[in-house]
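Peer 1: Okay, handing you the structure first.
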Number of protein chains: 2
Amino acid sequence: MKSIEEDPGPGVGPDPRLPLHARIKDDLLRRIRAGEWNGTTPLPPESSLADSYEISIGTLRRVLGELATEGILERQQGRGTFVRRASFQNSLYRFFRVQGQEGQTPLSRILSRTPETADSVLAAALNVRLGSGLLHMRRLRLWNEHPFLIEDIWLPLPRFDAVAQADLSDLGPLLYPAYERLACVVVGSATEELSVVAATATQAALLSVAPDTALVRISRSALTHAGEIMEYRESHGVANSFRYRVEIS
Amino acid sequence: MKSIEEDPGPGVGPDPRLPLHARIKDDLLRRIRAGEWNGTTPLPPESSLADSYEISIGTLRRVLGELATEGILERQQGRGTFVRRASFQNSLYRFFRVQGQEGQTPLSRILSRTPETADSVLAAALNVRLGSGLLHMRRLRLWNEHPFLIEDIWLPLPRFDAVAQADLSDLGPLLYPAYERLACVVVGSATEELSVVAATATQAALLSVAPDTALVRISRSALTHAGEIMEYRESHGVANSFRYRVEIS
DNA sequence: CAGTGGTCTAGACCACCTT
DNA sequence: AGGTGGTCTAGACCACTGA
């Protein structure tokens, strides 16, 4: 329990010329990134947060509303306000037009799981030192026994030792819940980048297409709430099964 | 000037169980789509809007704030609240990595401008009857005399007669301001769809690549504020100069 | 039932733009 | 100077959740 004297009060934030709500928002973002609330425990109720910041409840509600709109927080009437996990609603993956029922998760088959050392590309992607230990997993995604996506996944060691040693059947089709269970790491956000490349011989064989067929490559960096890169992933799928839509306004 | 009796009051909106702010928002969206304010004339001031809806200014401000966040309205302190044109900040076009200074508009060269009749694909894309009149323009975009994008643009006639007859030098590199000037049509929003195709012989020649090179195709449907499709556009660029990023949270 | 977030109000004061 | 949107407050009442 905090005393009022410990609390930063309305003076928080770097630039006192900023509006009050902006400074409060910055401070809340800082505390979320610091892991003060972990996704299962709610933030303090509005009234108590407003008191501790010494602002009116209306101003605090404006800040919480903005953070909810941005997908950082999730508000549930009667229950409380929670830090949200990354939802991957916007993920580019979803735009491979594959034959399969809506809402179902495709089958996944882990082809390999081997320790590696970081080359310069991976060291940069994961923000680790050259030559440090990584876990590399290669996975195939399939609909009705028909492969449509190859995933190469790299995780830093020793942080993910538990994933390296877990029974493969413990991992299941969704890896992020497994990371949380085994290594206590939660995905807070991610960045994906799309590009088009020609299939290597290996990729072509796995996807049963001709070599040099155009593939869509999606590179994903997944971050913790604190902003540390926890996973780097490259996925390749056949380009002519890919459609992506954007709304502009 | 409206009398209070004419105004819909707080009872507007289809479902009276909806919160007040949601019903007001629906009504404002309807009036925006109906073209009640055209982008240069401001909406009535907050106080007068709140009075005419018989709601408090705080509730009205909430609605206007949401519409501004969604990019529908633009608020300018001291000036007023305006309906926004489409900004194309999110356009997929921007992700062709071309050599050229930031912020500059690439050169454009109109290769052809011919009347056509709508085939089934174009009729569906522009929501017009099969066989109705269209204007087809083909345009090349270049950086330093190096072509990187082919654009095929279709406009419904007779609405865009003025564009069909204007001097080509009147069109300039940006078409949407020209549509507004010549045909009094403003873009309110747009949808873009990305796919990957193989270059035809003609496309390959124009872009000086080998036939069957992978191209990124971007199909764009541009809409008026009223939701009518005013332009359909297909653009093709070399796929390996394309990079697209998405943030996920 | 107590506690949470959701809605709505009424009004004060400030910062900015136009005239 | 007058009018616009921007900030902030204080409080009433409602709807939902969980024990």
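Lettering and numbering for the structure tokens are positional, with chains as A, B, ... in the shown order, residues counted from 1 in each chain, and ligands counted from 1 in the shown order.
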Could you list, as a PyMOL selection string, the residues of chain B having an atom within 8 Å of chain C when counting only C-alpha atoms (C1' of nucleotides)?

Peer 2: chain B and resi 19+56+58-59+77-79

Peer 1: Only C-alpha atoms, please: the residues just picked out, written as a CSV table (one decimal), in the first residue's frame.

Peer 2:
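In the end it all went to again.csv:
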chain,number,residue,atom,x,y,z
B,19,PRO,CA,-26.5,4.8,-25.4
B,56,SER,CA,-24.8,18.2,-22.9
B,58,GLY,CA,-19.5,16.8,-22.8
B,59,THR,CA,-21.5,14.0,-24.5
B,77,GLN,CA,-8.7,24.7,-32.4
B,78,GLY,CA,-10.0,28.2,-33.0
B,79,ARG,CA,-11.3,27.3,-36.5

Peer 1: For Leu171 in chain A, list every protein, DNA or RNA residue within 12 Å, evaluated using only C-alpha atoms (C1' of nucleotides), and leave out those in the same chain fewer than 5 positions away; present the list as a list of chain:residue names.

Peer 2: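 Selected residues are A:Ser108, A:Arg109, A:Ile110, A:Arg113, A:Met137, A:Arg139, A:Ala162, A:Val163, A:Ala164, A:Gln165, A:Ala166, A:Tyr176, A:Pro177, A:Ala178, A:Tyr179, A:Glu180, A:Arg181, A:Leu182, A:Ala183.
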
Peer 1: Export N, CA and C atoms of the chosen residues as a PDB file, in the first residue's frame?

Peer 2:
ATOM      1  N   SER A 108      -0.232 -28.061 -37.149  1.00  0.00           N
ATOM      2  CA  SER A 108       1.173 -27.699 -37.268  1.00  0.00           C
ATOM      3  C   SER A 108       2.038 -28.902 -36.927  1.00  0.00           C
ATOM      4  N   ARG A 109       3.156 -29.029 -37.636  1.00  0.00           N
ATOM      5  CA  ARG A 109       4.057 -30.154 -37.442  1.00  0.00           C
ATOM      6  C   ARG A 109       5.467 -29.582 -37.281  1.00  0.00           C
ATOM      7  N   ILE A 110       6.072 -29.845 -36.133  1.00  0.00           N
ATOM      8  CA  ILE A 110       7.427 -29.325 -35.897  1.00  0.00           C
ATOM      9  C   ILE A 110       8.423 -30.248 -36.585  1.00  0.00           C
ATOM     10  N   ARG A 113      14.021 -29.032 -34.109  1.00  0.00           N
ATOM     11  CA  ARG A 113      14.219 -28.133 -32.961  1.00  0.00           C
ATOM     12  C   ARG A 113      15.664 -28.300 -32.536  1.00  0.00           C
ATOM     13  N   MET A 137      13.506 -23.479 -34.297  1.00  0.00           N
ATOM     14  CA  MET A 137      12.472 -24.477 -34.598  1.00  0.00           C
ATOM     15  C   MET A 137      11.965 -24.223 -36.010  1.00  0.00           C
ATOM     16  N   ARG A 139       8.809 -25.288 -38.488  1.00  0.00           N
ATOM     17  CA  ARG A 139       7.462 -25.819 -38.325  1.00  0.00           C
ATOM     18  C   ARG A 139       6.723 -25.729 -39.646  1.00  0.00           C
ATOM     19  N   ALA A 162      13.462 -23.898 -21.185  1.00  0.00           N
ATOM     20  CA  ALA A 162      12.339 -24.797 -20.916  1.00  0.00           C
ATOM     21  C   ALA A 162      11.641 -25.218 -22.203  1.00  0.00           C
ATOM     22  N   VAL A 163      11.633 -24.318 -23.202  1.00  0.00           N
ATOM     23  CA  VAL A 163      11.010 -24.666 -24.475  1.00  0.00           C
ATOM     24  C   VAL A 163      11.902 -25.651 -25.229  1.00  0.00           C
ATOM     25  N   ALA A 164      13.217 -25.502 -25.062  1.00  0.00           N
ATOM     26  CA  ALA A 164      14.146 -26.400 -25.738  1.00  0.00           C
ATOM     27  C   ALA A 164      14.025 -27.824 -25.198  1.00  0.00           C
ATOM     28  N   GLN A 165      13.684 -27.933 -23.916  1.00  0.00           N
ATOM     29  CA  GLN A 165      13.674 -29.264 -23.306  1.00  0.00           C
ATOM     30  C   GLN A 165      12.285 -29.868 -23.172  1.00  0.00           C
ATOM     31  N   ALA A 166      11.257 -29.082 -23.393  1.00  0.00           N
ATOM     32  CA  ALA A 166       9.904 -29.605 -23.209  1.00  0.00           C
ATOM     33  C   ALA A 166       9.617 -30.714 -24.209  1.00  0.00           C
ATOM     34  N   TYR A 176       2.592 -19.208 -28.322  1.00  0.00           N
ATOM     35  CA  TYR A 176       2.704 -18.145 -27.330  1.00  0.00           C
ATOM     36  C   TYR A 176       2.151 -18.554 -25.960  1.00  0.00           C
ATOM     37  N   PRO A 177       1.035 -19.259 -25.899  1.00  0.00           N
ATOM     38  CA  PRO A 177       0.637 -19.767 -24.580  1.00  0.00           C
ATOM     39  C   PRO A 177       1.675 -20.711 -23.988  1.00  0.00           C
ATOM     40  N   ALA A 178       2.360 -21.489 -24.848  1.00  0.00           N
ATOM     41  CA  ALA A 178       3.398 -22.396 -24.336  1.00  0.00           C
ATOM     42  C   ALA A 178       4.570 -21.599 -23.764  1.00  0.00           C
ATOM     43  N   TYR A 179       4.968 -20.519 -24.449  1.00  0.00           N
ATOM     44  CA  TYR A 179       6.049 -19.670 -23.912  1.00  0.00           C
ATOM     45  C   TYR A 179       5.663 -19.166 -22.529  1.00  0.00           C
ATOM     46  N   GLU A 180       4.406 -18.761 -22.406  1.00  0.00           N
ATOM     47  CA  GLU A 180       3.957 -18.196 -21.141  1.00  0.00           C
ATOM     48  C   GLU A 180       3.994 -19.267 -20.045  1.00  0.00           C
ATOM     49  N   ARG A 181       3.551 -20.474 -20.410  1.00  0.00           N
ATOM     50  CA  ARG A 181       3.486 -21.557 -19.428  1.00  0.00           C
ATOM     51  C   ARG A 181       4.887 -22.011 -19.037  1.00  0.00           C
ATOM     52  N   LEU A 182       5.750 -22.173 -20.046  1.00  0.00           N
ATOM     53  CA  LEU A 182       7.049 -22.805 -19.790  1.00  0.00           C
ATOM     54  C   LEU A 182       8.117 -21.800 -19.374  1.00  0.00           C
ATOM     55  N   ALA A 183       8.092 -20.621 -19.983  1.00  0.00           N
ATOM     56  CA  ALA A 183       9.193 -19.678 -19.734  1.00  0.00           C
ATOM     57  C   ALA A 183       8.718 -18.378 -19.095  1.00  0.00           C
TER      58      ALA A 183
END

Peer 1: Output the contact residues of chain B with respect to chain D at a cut-off of 12 Å, based on only C-alpha atoms (C1' of nucleotides), as a ChimeraX atom specification.

Peer 2: /B:19,42-48,57-58,61,64-65,74-82

Peer 1: Taking only C-alpha atoms into account, what are the residues of chain B at most 8 Å from chain A, put as a ChimeraX atom specification?

Peer 2: /B:71-72,85-92,188-197,214,239-240,242-249

Peer 1: May I have the residues from that selection written out with N, CA and C atoms, as a PDB file, in the first residue's frame?

Peer 2:
ATOM      1  N   GLY B  71     -10.658   9.331 -37.978  1.00  0.00           N
ATOM      2  CA  GLY B  71     -10.227   9.950 -39.223  1.00  0.00           C
ATOM      3  C   GLY B  71     -11.371  10.488 -40.059  1.00  0.00           C
ATOM      4  N   ILE B  72     -12.594  10.496 -39.523  1.00  0.00           N
ATOM      5  CA  ILE B  72     -13.738  11.005 -40.281  1.00  0.00           C
ATOM      6  C   ILE B  72     -13.777  12.521 -40.211  1.00  0.00           C
ATOM      7  N   ARG B  85     -11.007  14.769 -45.981  1.00  0.00           N
ATOM      8  CA  ARG B  85     -10.776  13.985 -47.191  1.00  0.00           C
ATOM      9  C   ARG B  85      -9.961  12.746 -46.817  1.00  0.00           C
ATOM     10  N   ALA B  86      -9.977  11.733 -47.688  1.00  0.00           N
ATOM     11  CA  ALA B  86      -9.120  10.571 -47.457  1.00  0.00           C
ATOM     12  C   ALA B  86      -7.659  11.024 -47.524  1.00  0.00           C
ATOM     13  N   SER B  87      -6.839  10.531 -46.605  1.00  0.00           N
ATOM     14  CA  SER B  87      -5.471  11.020 -46.537  1.00  0.00           C
ATOM     15  C   SER B  87      -4.481  10.108 -47.238  1.00  0.00           C
ATOM     16  N   PHE B  88      -4.828   8.831 -47.430  1.00  0.00           N
ATOM     17  CA  PHE B  88      -3.946   7.863 -48.074  1.00  0.00           C
ATOM     18  C   PHE B  88      -2.623   7.687 -47.344  1.00  0.00           C
ATOM     19  N   GLN B  89      -2.643   7.992 -46.031  1.00  0.00           N
ATOM     20  CA  GLN B  89      -1.458   7.757 -45.215  1.00  0.00           C
ATOM     21  C   GLN B  89      -1.115   6.265 -45.158  1.00  0.00           C
ATOM     22  N   ASN B  90      -2.154   5.414 -45.213  1.00  0.00           N
ATOM     23  CA  ASN B  90      -1.931   3.976 -45.068  1.00  0.00           C
ATOM     24  C   ASN B  90      -1.758   3.270 -46.402  1.00  0.00           C
ATOM     25  N   SER B  91      -1.764   4.031 -47.494  1.00  0.00           N
ATOM     26  CA  SER B  91      -1.777   3.378 -48.796  1.00  0.00           C
ATOM     27  C   SER B  91      -0.609   2.414 -48.963  1.00  0.00           C
ATOM     28  N   LEU B  92      -0.910   1.273 -49.560  1.00  0.00           N
ATOM     29  CA  LEU B  92       0.129   0.270 -49.817  1.00  0.00           C
ATOM     30  C   LEU B  92       1.179   0.796 -50.796  1.00  0.00           C
ATOM     31  N   GLY B 188     -13.725  10.143 -50.266  1.00  0.00           N
ATOM     32  CA  GLY B 188     -13.951  10.072 -48.828  1.00  0.00           C
ATOM     33  C   GLY B 188     -13.181   8.943 -48.178  1.00  0.00           C
ATOM     34  N   SER B 189     -13.070   7.808 -48.865  1.00  0.00           N
ATOM     35  CA  SER B 189     -12.340   6.669 -48.317  1.00  0.00           C
ATOM     36  C   SER B 189     -11.953   5.753 -49.468  1.00  0.00           C
ATOM     37  N   ALA B 190     -11.185   4.731 -49.162  1.00  0.00           N
ATOM     38  CA  ALA B 190     -10.748   3.806 -50.199  1.00  0.00           C
ATOM     39  C   ALA B 190     -10.408   2.470 -49.574  1.00  0.00           C
ATOM     40  N   THR B 191     -10.402   1.440 -50.407  1.00  0.00           N
ATOM     41  CA  THR B 191      -9.971   0.114 -49.986  1.00  0.00           C
ATOM     42  C   THR B 191      -8.898  -0.351 -50.951  1.00  0.00           C
ATOM     43  N   GLU B 192      -7.823  -0.908 -50.415  1.00  0.00           N
ATOM     44  CA  GLU B 192      -6.789  -1.455 -51.285  1.00  0.00           C
ATOM     45  C   GLU B 192      -6.608  -2.927 -50.993  1.00  0.00           C
ATOM     46  N   GLU B 193      -6.320  -3.704 -52.036  1.00  0.00           N
ATOM     47  CA  GLU B 193      -6.056  -5.120 -51.853  1.00  0.00           C
ATOM     48  C   GLU B 193      -4.766  -5.492 -52.557  1.00  0.00           C
ATOM     49  N   LEU B 194      -3.908  -6.202 -51.839  1.00  0.00           N
ATOM     50  CA  LEU B 194      -2.597  -6.579 -52.360  1.00  0.00           C
ATOM     51  C   LEU B 194      -2.594  -8.037 -52.788  1.00  0.00           C
ATOM     52  N   SER B 195      -2.034  -8.325 -53.964  1.00  0.00           N
ATOM     53  CA  SER B 195      -1.811  -9.706 -54.355  1.00  0.00           C
ATOM     54  C   SER B 195      -0.531  -9.753 -55.193  1.00  0.00           C
ATOM     55  N   VAL B 196      -0.086 -10.959 -55.495  1.00  0.00           N
ATOM     56  CA  VAL B 196       1.154 -11.137 -56.246  1.00  0.00           C
ATOM     57  C   VAL B 196       0.838 -11.872 -57.533  1.00  0.00           C
ATOM     58  N   VAL B 197       1.301 -11.325 -58.670  1.00  0.00           N
ATOM     59  CA  VAL B 197       1.010 -11.927 -59.977  1.00  0.00           C
ATOM     60  C   VAL B 197       2.292 -11.968 -60.796  1.00  0.00           C
ATOM     61  N   ALA B 214       7.807 -11.657 -60.727  1.00  0.00           N
ATOM     62  CA  ALA B 214       6.726 -11.455 -59.765  1.00  0.00           C
ATOM     63  C   ALA B 214       6.443  -9.955 -59.590  1.00  0.00           C
ATOM     64  N   ALA B 239       7.861  -6.860 -57.489  1.00  0.00           N
ATOM     65  CA  ALA B 239       7.618  -7.339 -56.127  1.00  0.00           C
ATOM     66  C   ALA B 239       8.840  -7.205 -55.239  1.00  0.00           C
ATOM     67  N   ASN B 240      10.036  -7.403 -55.779  1.00  0.00           N
ATOM     68  CA  ASN B 240      11.169  -7.402 -54.853  1.00  0.00           C
ATOM     69  C   ASN B 240      11.605  -5.995 -54.457  1.00  0.00           C
ATOM     70  N   PHE B 242       9.274  -4.223 -52.923  1.00  0.00           N
ATOM     71  CA  PHE B 242       8.133  -3.931 -52.056  1.00  0.00           C
ATOM     72  C   PHE B 242       8.369  -4.475 -50.653  1.00  0.00           C
ATOM     73  N   ARG B 243       8.162  -3.632 -49.650  1.00  0.00           N
ATOM     74  CA  ARG B 243       8.244  -4.031 -48.240  1.00  0.00           C
ATOM     75  C   ARG B 243       7.071  -3.404 -47.507  1.00  0.00           C
ATOM     76  N   TYR B 244       6.397  -4.185 -46.688  1.00  0.00           N
ATOM     77  CA  TYR B 244       5.235  -3.658 -45.991  1.00  0.00           C
ATOM     78  C   TYR B 244       5.305  -4.046 -44.533  1.00  0.00           C
ATOM     79  N   ARG B 245       5.077  -3.093 -43.660  1.00  0.00           N
ATOM     80  CA  ARG B 245       5.169  -3.338 -42.216  1.00  0.00           C
ATOM     81  C   ARG B 245       3.821  -3.181 -41.538  1.00  0.00           C
ATOM     82  N   VAL B 246       3.553  -4.021 -40.552  1.00  0.00           N
ATOM     83  CA  VAL B 246       2.350  -3.936 -39.736  1.00  0.00           C
ATOM     84  C   VAL B 246       2.756  -3.979 -38.280  1.00  0.00           C
ATOM     85  N   GLU B 247       2.114  -3.146 -37.485  1.00  0.00           N
ATOM     86  CA  GLU B 247       2.299  -3.211 -36.030  1.00  0.00           C
ATOM     87  C   GLU B 247       1.133  -3.993 -35.449  1.00  0.00           C
ATOM     88  N   ILE B 248       1.414  -4.883 -34.526  1.00  0.00           N
ATOM     89  CA  ILE B 248       0.386  -5.708 -33.906  1.00  0.00           C
ATOM     90  C   ILE B 248       0.392  -5.450 -32.410  1.00  0.00           C
ATOM     91  N   SER B 249      -0.786  -5.221 -31.871  1.00  0.00           N
ATOM     92  CA  SER B 249      -0.850  -5.107 -30.420  1.00  0.00           C
ATOM     93  C   SER B 249      -2.220  -5.608 -29.975  1.00  0.00           C
TER      94      SER B 249
END

Peer 1: Among range 8-227 of chain A, which ones does DSSP assign to alpha helix (DSSP H) (computed from the backbone)? Answer as a PyMOL selection string.

Peer 2: chain A and resi 20-33+46-53+57-69+120-126+161-165+175-183+201-207
